[in-house]
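Structure file query.cif (mmCIF, C-alpha atoms and all ligand atoms) is printed below.
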```cif
data_data
loop_
_atom_site.label_atom_id
_atom_site.label_comp_id
_atom_site.auth_asym_id
_atom_site.auth_seq_id
_atom_site.Cartn_x
_atom_site.Cartn_y
_atom_site.Cartn_z
CA MET W 736 64.26 133.19 104.32
CA LEU W 737 67.80 134.28 104.83
CA SER W 738 68.99 130.72 105.21
CA HIS W 739 67.20 129.89 101.98
CA LEU W 740 68.89 132.80 100.31
CA LYS W 741 72.27 131.70 101.52
CA ARG W 742 71.89 128.56 99.46
CA LEU W 743 71.48 130.70 96.39
CA SER W 744 74.28 132.13 94.37
CA ILE W 745 74.30 134.81 91.80
CA VAL W 746 74.42 133.46 88.31
CA MET W 747 73.39 136.37 86.19
CA LEU W 748 76.87 137.80 85.82
CA ALA W 749 78.76 134.58 85.74
CA GLY W 750 81.00 133.72 82.85
CA ILE W 751 79.71 130.19 82.85
CA CYS W 752 77.85 130.02 79.59
CA ALA W 753 78.47 126.32 79.36
CA ALA W 754 76.63 125.70 82.61
CA PRO W 755 73.13 124.25 82.33
CA LEU W 756 70.24 126.55 83.09
CA PRO W 757 67.50 124.27 84.38
CA VAL W 758 66.94 126.72 87.18
CA LEU W 759 65.54 129.29 84.82
CA ALA W 760 63.54 126.84 82.76
CA ASP W 761 61.88 125.56 85.92
CA ALA W 762 61.78 128.82 87.81
CA LYS W 763 59.08 128.78 90.41
CA SER W 764 59.67 132.08 92.11
CA ASP W 765 61.14 135.51 91.65
CA TYR W 766 64.25 134.37 93.45
CA GLU W 767 64.83 131.59 91.04
CA MET W 768 64.28 133.94 88.18
CA LEU W 769 67.23 135.92 89.40
CA PHE W 770 69.36 133.43 91.21
CA GLY W 771 70.68 129.99 90.62
CA LYS W 772 70.38 127.42 93.35
CA GLU W 773 73.53 125.43 92.76
CA ALA W 774 76.20 126.17 95.31
CA LYS W 775 78.89 126.33 92.65
CA GLN W 776 77.13 128.98 90.61
CA VAL W 777 79.09 131.99 91.71
CA SER W 778 79.56 135.45 90.35
CA ALA W 779 82.72 135.79 88.31
CA THR W 780 82.19 138.37 85.63
CA LYS W 781 84.52 138.51 82.72
CA SER W 782 84.15 141.04 79.96
CA THR W 783 84.34 138.45 77.27
CA ALA W 784 81.97 137.14 74.70
CA ASP W 785 81.17 134.38 77.17
CA ASP W 786 79.21 136.86 79.23
CA ALA W 787 77.13 137.94 76.32
CA VAL W 788 76.41 134.37 75.30
CA PHE W 789 75.49 133.49 78.83
CA ALA W 790 73.37 136.58 79.16
CA LYS W 791 71.50 135.71 75.99
CA LYS W 792 70.80 132.22 77.27
CA LEU W 793 69.55 133.76 80.47
CA LEU W 794 67.26 136.08 78.61
CA ASP W 795 66.01 133.39 76.25
CA ALA W 796 65.21 131.16 79.19
CA ALA W 797 63.32 133.99 80.84
CA LYS W 798 61.36 134.75 77.71
CA ALA W 799 60.46 131.10 77.34
CA ARG W 800 58.37 131.52 80.46
CA THR W 801 55.13 132.62 78.88
CA ASP W 802 53.63 133.30 82.28
CA ALA W 803 56.42 135.69 83.24
CA PRO W 804 55.12 139.19 83.82
CA LYS W 805 56.48 141.90 81.57
CA THR W 806 58.09 143.51 84.57
CA GLN W 807 60.25 140.51 85.18
CA LEU W 808 61.34 140.40 81.57
CA PHE W 809 62.25 144.04 81.76
CA LEU W 810 64.26 143.32 84.88
CA TYR W 811 66.00 140.50 83.13
CA GLU W 812 67.00 142.77 80.31
CA LYS W 813 68.37 145.24 82.81
CA VAL W 814 70.30 142.51 84.54
CA VAL W 815 71.80 141.47 81.23
CA GLU W 816 72.83 145.04 80.59
CA PHE W 817 74.36 145.30 84.03
CA GLY W 818 76.25 142.10 83.56
CA ARG W 819 77.73 143.27 80.29
CA ARG W 820 78.64 146.65 81.71
CA ASP W 821 80.54 145.31 84.63
CA ALA W 822 84.09 144.03 84.52
CA THR W 823 84.70 143.77 88.20
CA GLY W 824 82.39 141.21 89.78
CA ALA W 825 78.96 141.07 91.28
CA PRO W 826 78.20 144.67 92.25
CA HIS W 827 75.63 145.21 89.54
CA ALA W 828 73.49 142.56 91.11
CA LEU W 829 72.85 145.19 93.75
CA GLU W 830 71.55 147.55 91.11
CA ALA W 831 69.23 144.83 89.90
CA ILE W 832 67.90 144.47 93.41
CA GLU W 833 67.28 148.20 93.61
CA LEU W 834 65.14 147.84 90.49
CA LEU W 835 63.23 145.01 92.08
CA ILE W 836 62.57 147.06 95.19
CA ARG W 837 61.23 149.89 93.07
CA SER W 838 59.02 147.62 90.99
CA GLN W 839 57.78 145.55 93.92
CA PRO W 840 57.68 147.90 96.93
CA SER W 841 55.47 145.48 98.85
CA GLN W 842 58.32 142.97 98.72
CA LYS W 843 60.97 145.43 99.86
CA ALA W 844 61.99 143.47 102.96
CA LYS W 845 62.49 140.33 100.89
CA TRP W 846 64.74 142.09 98.41
CA GLN W 847 66.66 143.87 101.13
CA GLU W 848 67.54 140.46 102.51
CA ALA W 849 68.73 139.42 99.08
CA LYS W 850 70.78 142.58 98.88
CA LEU W 851 72.58 141.77 102.11
CA ASN W 852 73.22 138.28 100.89
CA ILE W 853 74.73 139.58 97.66
CA ALA W 854 76.92 142.01 99.52
CA GLU W 855 78.20 139.13 101.59
CA LYS W 856 78.85 137.02 98.51
CA GLN W 857 80.54 139.95 96.79
CA PHE W 858 82.82 140.40 99.75
CA GLN W 859 83.69 136.71 99.79
CA ASN W 860 84.43 136.76 96.07
CA SER W 861 86.56 139.85 96.33
CA ARG W 862 88.71 138.29 99.05
CA GLY W 863 88.67 134.78 97.70
CA ALA W 864 87.36 133.77 101.11
CA VAL W 865 85.49 130.55 101.62
CA SER W 866 84.18 131.15 105.09
CA SER W 867 83.69 133.63 107.89
CA PRO W 868 83.16 136.73 105.83
CA LYS W 869 82.78 140.00 107.63
CA SER W 870 79.23 141.01 108.20
CA PRO W 871 77.94 143.12 105.33
CA SER W 872 76.79 145.58 107.96
CA THR W 873 80.43 146.60 108.32
CA ALA W 874 80.61 147.63 104.66
CA PRO W 875 81.17 151.34 104.10
CA SER W 876 77.96 153.21 103.54
CA PRO W 877 77.63 154.39 99.96
CA LYS W 878 78.23 158.09 99.65
CA SER W 879 75.13 160.13 99.35
CA PRO W 880 74.32 160.12 95.64
CA THR W 881 74.13 163.87 95.83
CA SER W 882 77.68 164.31 97.09
CA LYS W 883 79.61 166.30 94.55
CA PHE W 884 82.83 164.38 95.02
CA LEU W 885 83.90 160.94 96.17
CA THR W 886 87.39 160.11 97.38
CA LEU W 887 88.74 156.57 97.22
CA ASP W 888 91.55 155.51 99.50
CA LEU W 889 93.90 153.40 97.38
CA GLY W 890 96.28 152.59 100.22
CA LYS W 891 99.94 153.52 100.63
CA GLY W 892 98.91 157.14 101.02
CA ALA W 893 97.34 157.37 97.58
CA LYS W 894 93.83 158.70 97.11
CA MET W 895 91.63 159.20 94.09
CA LYS W 896 89.08 162.00 93.66
CA LEU W 897 85.97 161.42 91.60
CA ALA W 898 83.31 163.93 90.56
CA ARG W 899 79.60 163.20 90.43
CA ILE W 900 78.23 162.98 86.91
CA PRO W 901 74.47 163.62 86.87
CA ALA W 902 72.08 161.32 85.01
CA GLY W 903 70.86 162.76 81.74
CA SER W 904 70.71 162.55 77.95
CA PHE W 905 72.96 163.78 75.20
CA MET W 906 73.60 163.49 71.49
CA MET W 907 76.39 160.96 71.05
CA GLY W 908 78.69 161.18 68.05
CA SER W 909 79.43 164.10 65.76
CA PRO W 910 77.44 165.88 63.05
CA LYS W 911 78.57 165.36 59.46
CA THR W 912 79.69 168.99 59.36
CA GLU W 913 82.24 168.66 62.20
CA LYS W 914 85.83 169.32 61.14
CA GLY W 915 88.01 166.22 61.32
CA ARG W 916 85.03 163.96 61.76
CA LYS W 917 85.24 160.24 60.86
CA SER W 918 82.27 158.30 59.54
CA HIS W 919 82.34 155.93 62.54
CA GLU W 920 81.32 158.89 64.72
CA GLY W 921 77.86 158.67 63.23
CA PRO W 922 75.03 158.54 63.06
CA GLN W 923 74.58 161.00 65.88
CA HIS W 924 72.02 159.53 68.23
CA LYS W 925 70.36 160.40 71.50
CA VAL W 926 71.69 158.46 74.48
CA THR W 927 70.39 158.47 78.03
CA ILE W 928 72.79 157.69 80.84
CA SER W 929 71.62 156.16 84.09
CA PRO W 930 67.90 156.93 83.78
CA GLY W 931 66.16 157.40 87.08
CA ALA W 932 69.39 157.01 89.02
CA PRO W 933 71.38 159.64 90.84
CA GLY W 934 74.21 159.42 88.34
CA PHE W 935 77.69 158.09 88.88
CA TYR W 936 81.18 159.21 89.78
CA MET W 937 84.10 159.59 87.41
CA GLY W 938 87.77 160.15 88.20
CA THR W 939 88.53 163.85 87.91
CA THR W 940 91.85 162.88 86.34
CA GLU W 941 93.47 160.07 84.46
CA VAL W 942 94.86 157.46 86.87
CA THR W 943 98.28 158.71 87.89
CA GLN W 944 101.45 156.68 88.19
CA GLU W 945 101.40 157.20 91.94
CA GLN W 946 97.87 155.80 92.16
CA TYR W 947 98.61 152.91 89.85
CA GLU W 948 101.72 151.90 91.73
CA ALA W 949 99.90 152.04 95.09
CA VAL W 950 97.41 149.47 93.79
CA MET W 951 99.45 147.34 91.39
CA GLY W 952 102.89 147.58 92.97
CA LYS W 953 104.57 148.65 89.73
CA ASN W 954 104.79 151.55 87.31
CA PRO W 955 105.16 150.59 83.66
CA SER W 956 105.13 154.18 82.33
CA LEU W 957 107.69 155.54 79.91
CA PHE W 958 107.43 159.16 81.09
CA LYS W 959 108.03 158.53 84.77
CA ALA W 960 106.62 161.09 87.22
CA PRO W 961 104.22 160.35 90.09
CA LYS W 962 101.53 162.87 89.08
CA ASN W 963 101.65 162.08 85.37
CA PRO W 964 99.09 159.66 83.99
CA VAL W 965 100.11 156.04 83.98
CA GLU W 966 100.70 154.74 80.44
CA GLN W 967 101.90 151.55 78.83
CA VAL W 968 98.96 149.87 80.51
CA SER W 969 96.72 147.62 78.46
CA TRP W 970 92.95 147.36 78.74
CA ASN W 971 93.52 144.13 80.65
CA ASP W 972 95.85 145.93 83.07
CA ALA W 973 93.26 148.68 83.61
CA VAL W 974 90.54 146.14 84.35
CA GLU W 975 92.83 144.40 86.82
CA PHE W 976 93.41 147.73 88.53
CA CYS W 977 89.64 148.23 88.75
CA LYS W 978 89.16 144.76 90.25
CA LYS W 979 91.74 145.42 92.92
CA VAL W 980 90.28 148.81 93.83
CA SER W 981 86.76 147.35 93.83
CA ALA W 982 87.90 144.68 96.25
CA SER W 983 89.76 147.01 98.58
CA THR W 984 87.13 149.75 98.63
CA ARG W 985 84.14 147.41 98.27
CA ARG W 986 82.63 149.60 95.62
CA THR W 987 81.82 149.12 91.95
CA VAL W 988 84.93 150.55 90.33
CA ARG W 989 85.31 149.99 86.59
CA LEU W 990 86.23 151.57 83.29
CA PRO W 991 83.62 153.90 81.83
CA THR W 992 81.60 152.75 78.89
CA GLU W 993 82.23 154.67 75.72
CA ALA W 994 78.87 156.41 76.15
CA GLU W 995 79.60 157.35 79.74
CA TRP W 996 82.98 158.70 78.69
CA GLU W 997 81.61 160.91 75.92
CA TYR W 998 78.68 162.06 78.05
CA ALA W 999 81.06 163.06 80.85
CA CYS W 1000 83.52 164.66 78.43
CA ARG W 1001 80.83 166.81 76.84
CA ALA W 1002 79.43 167.84 80.23
CA GLY W 1003 76.40 169.31 78.53
CA SER W 1004 78.27 170.74 75.54
CA LYS W 1005 77.23 169.99 71.95
CA THR W 1006 80.37 171.32 70.33
CA GLN W 1007 83.48 169.57 69.07
CA PHE W 1008 85.32 170.26 72.33
CA CYS W 1009 83.96 170.37 75.89
CA PHE W 1010 84.45 174.14 75.99
CA GLY W 1011 83.13 175.05 72.53
CA ASP W 1012 84.40 175.07 68.96
CA ASP W 1013 87.25 177.57 69.17
CA ALA W 1014 90.44 175.61 68.50
CA LYS W 1015 92.49 178.59 69.71
CA GLN W 1016 91.38 177.76 73.27
CA PHE W 1017 92.39 174.13 72.97
CA GLY W 1018 95.75 174.59 74.67
CA ASP W 1019 93.98 175.96 77.76
CA TYR W 1020 92.27 172.60 78.24
CA ALA W 1021 94.61 170.01 76.81
CA TRP W 1022 98.10 168.71 76.30
CA TYR W 1023 98.31 168.00 72.58
CA HIS W 1024 100.87 168.07 69.80
CA ALA W 1025 101.25 171.85 69.81
CA ASN W 1026 102.15 172.23 73.50
CA SER W 1027 103.12 168.83 74.94
CA ARG W 1028 106.68 168.46 73.60
CA LEU W 1029 105.44 164.97 72.75
CA LYS W 1030 105.25 163.61 76.28
CA THR W 1031 102.73 163.30 79.10
CA HIS W 1032 102.28 166.02 81.72
CA PRO W 1033 101.04 166.03 85.31
CA VAL W 1034 97.27 165.63 85.45
CA ALA W 1035 94.95 168.53 86.27
CA GLN W 1036 97.30 171.27 85.07
CA LYS W 1037 94.88 172.48 82.42
CA LYS W 1038 91.31 173.77 82.82
CA PRO W 1039 88.64 171.20 83.74
CA ASN W 1040 85.38 170.77 81.86
CA ALA W 1041 82.06 171.93 83.31
CA TRP W 1042 81.76 168.82 85.47
CA GLY W 1043 85.23 169.12 86.97
CA LEU W 1044 87.04 166.57 84.78
CA TYR W 1045 90.59 167.28 83.65
CA ASP W 1046 92.45 166.15 80.53
CA MET W 1047 89.45 164.55 78.85
CA HIS W 1048 91.02 165.97 75.71
CA GLY W 1049 94.65 164.94 75.23
CA ASN W 1050 97.47 163.97 77.60
CA VAL W 1051 96.81 160.22 77.35
CA ARG W 1052 94.08 158.40 75.45
CA GLU W 1053 91.75 156.53 77.81
CA HIS W 1054 90.56 152.94 77.81
CA CYS W 1055 86.80 152.39 77.80
CA LEU W 1056 84.91 149.25 78.74
CA ASP W 1057 83.29 148.53 75.36
CA TRP W 1058 84.36 146.37 72.49
CA TRP W 1059 85.03 148.41 69.37
CA GLU W 1060 82.79 148.22 66.32
CA LYS W 1061 82.95 150.79 63.58
CA GLY W 1062 79.24 150.70 62.79
CA TYR W 1063 77.96 150.31 66.33
CA TYR W 1064 76.23 153.70 66.54
CA ALA W 1065 73.68 152.67 63.92
CA LYS W 1066 72.33 149.98 66.24
CA ALA W 1067 73.33 151.18 69.71
CA HIS W 1068 70.86 151.06 72.59
CA ALA W 1069 69.41 154.43 73.44
CA THR W 1070 69.82 153.85 77.16
CA ASP W 1071 73.13 153.05 78.84
CA PRO W 1072 74.61 151.45 75.71
CA GLN W 1073 77.22 148.84 76.52
CA GLY W 1074 78.90 148.41 73.14
CA PRO W 1075 78.96 145.29 70.96
CA ALA W 1076 78.78 141.84 72.54
CA SER W 1077 82.20 140.88 71.27
CA GLY W 1078 85.09 142.11 69.17
CA ARG W 1079 88.87 142.21 68.71
CA TYR W 1080 89.59 145.70 70.00
CA ARG W 1081 88.47 147.85 72.91
CA VAL W 1082 87.44 151.48 72.62
CA VAL W 1083 89.94 154.22 73.49
CA ARG W 1084 88.91 157.87 73.80
CA GLY W 1085 90.08 161.45 74.01
CA GLY W 1086 93.27 161.65 71.95
CA ALA W 1087 96.76 162.12 73.38
CA TYR W 1088 99.74 164.44 73.72
CA GLY W 1089 100.93 163.73 70.19
CA TYR W 1090 97.59 164.33 68.47
CA PRO W 1091 96.23 167.43 66.75
CA GLU W 1092 93.08 168.92 68.28
CA SER W 1093 90.93 167.24 65.63
CA GLY W 1094 92.10 163.87 67.03
CA CYS W 1095 91.11 164.84 70.56
CA ARG W 1096 87.51 165.95 69.95
CA SER W 1097 84.69 164.83 72.28
CA ALA W 1098 83.41 162.49 69.56
CA THR W 1099 86.80 161.09 68.50
CA ARG W 1100 86.81 157.29 68.66
CA ASP W 1101 89.79 155.01 68.64
CA ALA W 1102 90.58 151.38 69.47
CA ASP W 1103 93.37 149.12 70.66
CA ALA W 1104 93.70 145.40 71.28
CA PRO W 1105 93.00 144.53 74.93
CA ASP W 1106 96.56 143.36 75.56
CA TYR W 1107 98.25 146.26 73.75
CA ARG W 1108 100.46 148.63 75.73
CA ILE W 1109 101.68 151.97 74.40
CA ASN W 1110 103.01 155.14 75.97
CA ASN W 1111 100.04 157.34 75.08
CA VAL W 1112 97.19 155.29 76.56
CA GLY W 1113 96.03 155.29 80.16
CA PHE W 1114 92.59 155.33 81.74
CA ARG W 1115 90.28 156.77 84.36
CA VAL W 1116 87.63 154.96 86.35
CA VAL W 1117 83.98 155.35 87.28
CA VAL W 1118 82.12 154.33 90.42
CA TRP W 1119 78.42 153.58 90.40
CA PRO W 1120 76.64 154.13 93.71
CA HIS W 1121 74.66 151.18 94.97
CA CA V 1 93.00 162.13 78.40
#
```
Go ahead and render the structure in this file as structure tokens.
Amino acid sequence: MLSHLKRLSIVMLAGICAAPLPVLADAKSDYEMLFGKEAKQVSATKSTADDAVFAKKLLDAAKARTDAPKTQLFLYEKVVEFGRRDATGAPHALEAIELLIRSQPSQKAKWQEAKLNIAEKQFQNSRGAVSSPKSPSTAPSPKSPTSKFLTLDLGKGAKMKLARIPAGSFMMGSPKTEKGRKSHEGPQHKVTISPGAPGFYMGTTEVTQEQYEAVMGKNPSLFKAPKNPVEQVSWNDAVEFCKKVSASTRRTVRLPTEAEWEYACRAGSKTQFCFGDDAKQFGDYAWYHANSRLKTHPVAQKKPNAWGLYDMHGNVREHCLDWWEKGYYAKAHATDPQGPASGRYRVVRGGAYGYPESGCRSATRDADAPDYRINNVGFRVVVWPH
């Protein structure tokens, strides 16, 4: 079976919308429902409209199979979601396999084999290797999903600490009565993050200049200081950083979705700020126009939110994975929303050192072009266990 699997390549995340999909139309088995059988069909996720188009073709092909059990269609939809969420490569295929194991426990051994095969392919892709990959058994064991913190070794002495964010639900957006609210923050709607999963990890701080330089070999920031957040990095730069860290740590490292960001920022709060509604306390939690002297400051100098995250309000605005769409909330998925399928701008969250507190609220939404660099935007990353 393993040799058979080795002939298969992951197609579900591939940015190859132009590729034919006879595999799906003629699918004869669960494997073929999930995997292509052409050697050149490899995983190469790009967060572009191509992915969404490809994903839709995938889904349409699946739905055309009138004999396909509902479970498989559900799995397909999840795979599509995973593909759109990920900007780093194949790792979400592993999440899809976890779903398969849960839905088909009698076939666990079969899917475990597939999982190993994917891990091997992922490793090859990450290294650009064509042969002799390391055995997947040498991959680092995922941290226990119940570990409170995760530390990534970025090399060159730099490390990154991430805090576990529990799965759960929250009300996304702001009520019409919130001071400083913009109409694109509504309608408020219930969102569930990572249902049935142990949650995910999010960087306790914005990515610092020291961390960025260790990975990318350069520091484009205007306000140079190793512990300050990196800025003058575009969305494309941030995604490249995530790809490099994913490859070196062999984990799924990516930008948070907008929903993940707001969920983590709120940390259970329903107020305009993560700590409540009292603007007089804002300076205890954030660098903003009244205390920043209009520049960035070292991360983690202010109070963290209830889940141990610093500077979610202010300091630098933070890139999110999603495309921006003003009216997206009216049609957003209730579970792990991924944002629109395409767009011109990417979401940015949290406000910055030059903003008033009303521009740094938990619900504040903002957007920049993916290639735009400015000295008040940085990012933080998330890691999904798999
Ligand atoms: Ca921030």
Can you work out which residues are within 12 Å of ligand CA 1 (chain V), considering only C-alpha atoms and all ligand atoms, and then hand them over as a ChimeraX atom specification?
/W:938-943,963-966,996-997,1000,1020-1023,1031-1035,1037,1039,1044-1055,1083-1090,1094-1097,1099,1111-1116
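One distance worth recording is that between CA of Ala1098 (chain W) and CA of Ala902 (chain W), which is 19.2 Å.
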Could you give me, as a list in words, the residues within 9 Å of region 897-899 of chain W, counting all atoms listed in the file and dropping anything in the same chain fewer than 4 positions from it?
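In the requested format, the answer is Pro880, Thr881, Ser882, Lys883, Phe884, Leu885, Thr886, Leu887, Pro933, Gly934, Phe935, Tyr936, Met937, Gly938, Thr939, Thr940, Trp1042, Gly1043, Leu1044, Val1116, Val1117 and Val1118 of chain W.
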Mind pulling up the distance from CA of Pro1091 (chain W) to CA of Gln1016 (chain W)?
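Computing it gives 13.1 Å between the two atoms.
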W:Val968, W:Met907, W:Val980, W:Ala1076 ranked by distance to Ala999 (chain W), top pick (using all atoms listed in the file)
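Smallest separation from Ala999 (chain W) among the options: W:Met907.
The nearest approach to Lys896 (chain W) among the residues W:Gly1011, W:Gln946, W:Lys1061, W:Ala982, with only C-alpha atoms taken into account, belongs to W:Gln946.
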Just give me the gap between CA of Glu993 (chain W) and CA of Asn1040 (chain W) in Å, one decimal is fine.
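Interatomic distance, CA of Glu993 (chain W) to CA of Asn1040 (chain W): 17.5 Å.
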Could you list as a PyMOL selection string every residue that has an atom within 7 Å of (72.8, 160.7, 76.6), using the file's coordinates and counting all atoms listed in the file?
chain W and resi 903-907+925-928+998
Select, from W:Pro930, W:Gly915, W:Gly921, W:Gly952, the residue with the minimum atom-to-atom distance to Ala1069 (chain W), counting only C-alpha atoms.
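Using only C-alpha atoms, Ala1069 (chain W) sits closest to W:Pro930.
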Which residues, written as a ChimeraX atom specification, have at least one atom at most 12 Å from His1068 (chain W), with only C-alpha atoms counted and residues fewer than 2 positions away on the same chain left out?
/W:812,816,907,924-928,994,1063-1066,1070-1075
Using all atoms listed in the file, pick whichever of W:Gln923, W:Cys977, W:Asp972, W:Pro901 has the shortest atom-to-atom distance to Lys953 (chain W).
W:Asp972
